[in-house]
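Worksheet for the structure shown next.
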Amino acid sequence: MLDDTLTRPVVEAALEKLGQSPHDRESETYLKYIRPCEYEALIAAANENVECGTSAIVTAPFIREVNDPAWAKGTQAYFTSL
């Protein structure tokens, strides 16, 4: 399993607090409440790095996002504008 350096400790603690397995990434609880915040944090970290002139590689299954043309277009426009 790859280590989610930025989000794993918080995600696992939140899942446990909500009565879920800390390794759950499929339940409605994770998908509805935790995943949006986790991905927001990943994107914010990438944005901050790029704004500082540092390259950033963010790995996550951005399946929902990539399938949203507005998200893909907005993300591309944002990073192109820097």
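Identifiers for the structure tokens are assigned positionally: chains receive A, B, ... in sequence, residues are indexed from 1 per chain, and ligands are indexed from 1 in the order shown.
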Picked from chain A by DSSP as alpha helix (DSSP H), as a PyMOL selection string: chain A and resi 8-17+28-29+35-51+63-66+69-81
Excluding same-chain residues fewer than 5 positions from A:Ser21, what lies within 8 Å of it counting only C-alpha atoms, as a ChimeraX atom specification? /A:12,15-16
Quick one: of A:Ala77, A:Cys52, A:Ala14, A:Ala72, who's nearest to A:Tyr33, counting only C-alpha atoms? A:Ala14
Within 12 Å of A:Cys37 using only C-alpha atoms, minus same-chain residues under 5 positions, as a ChimeraX atom specification: /A:6-7,10-11,14,30-32,42-44
Contacts of A:Val50 within 12 Å, only C-alpha atoms, excl. fewer than 4 positions in-chain, as a PyMOL selection string: chain A and resi 43-46+54-58+78-82
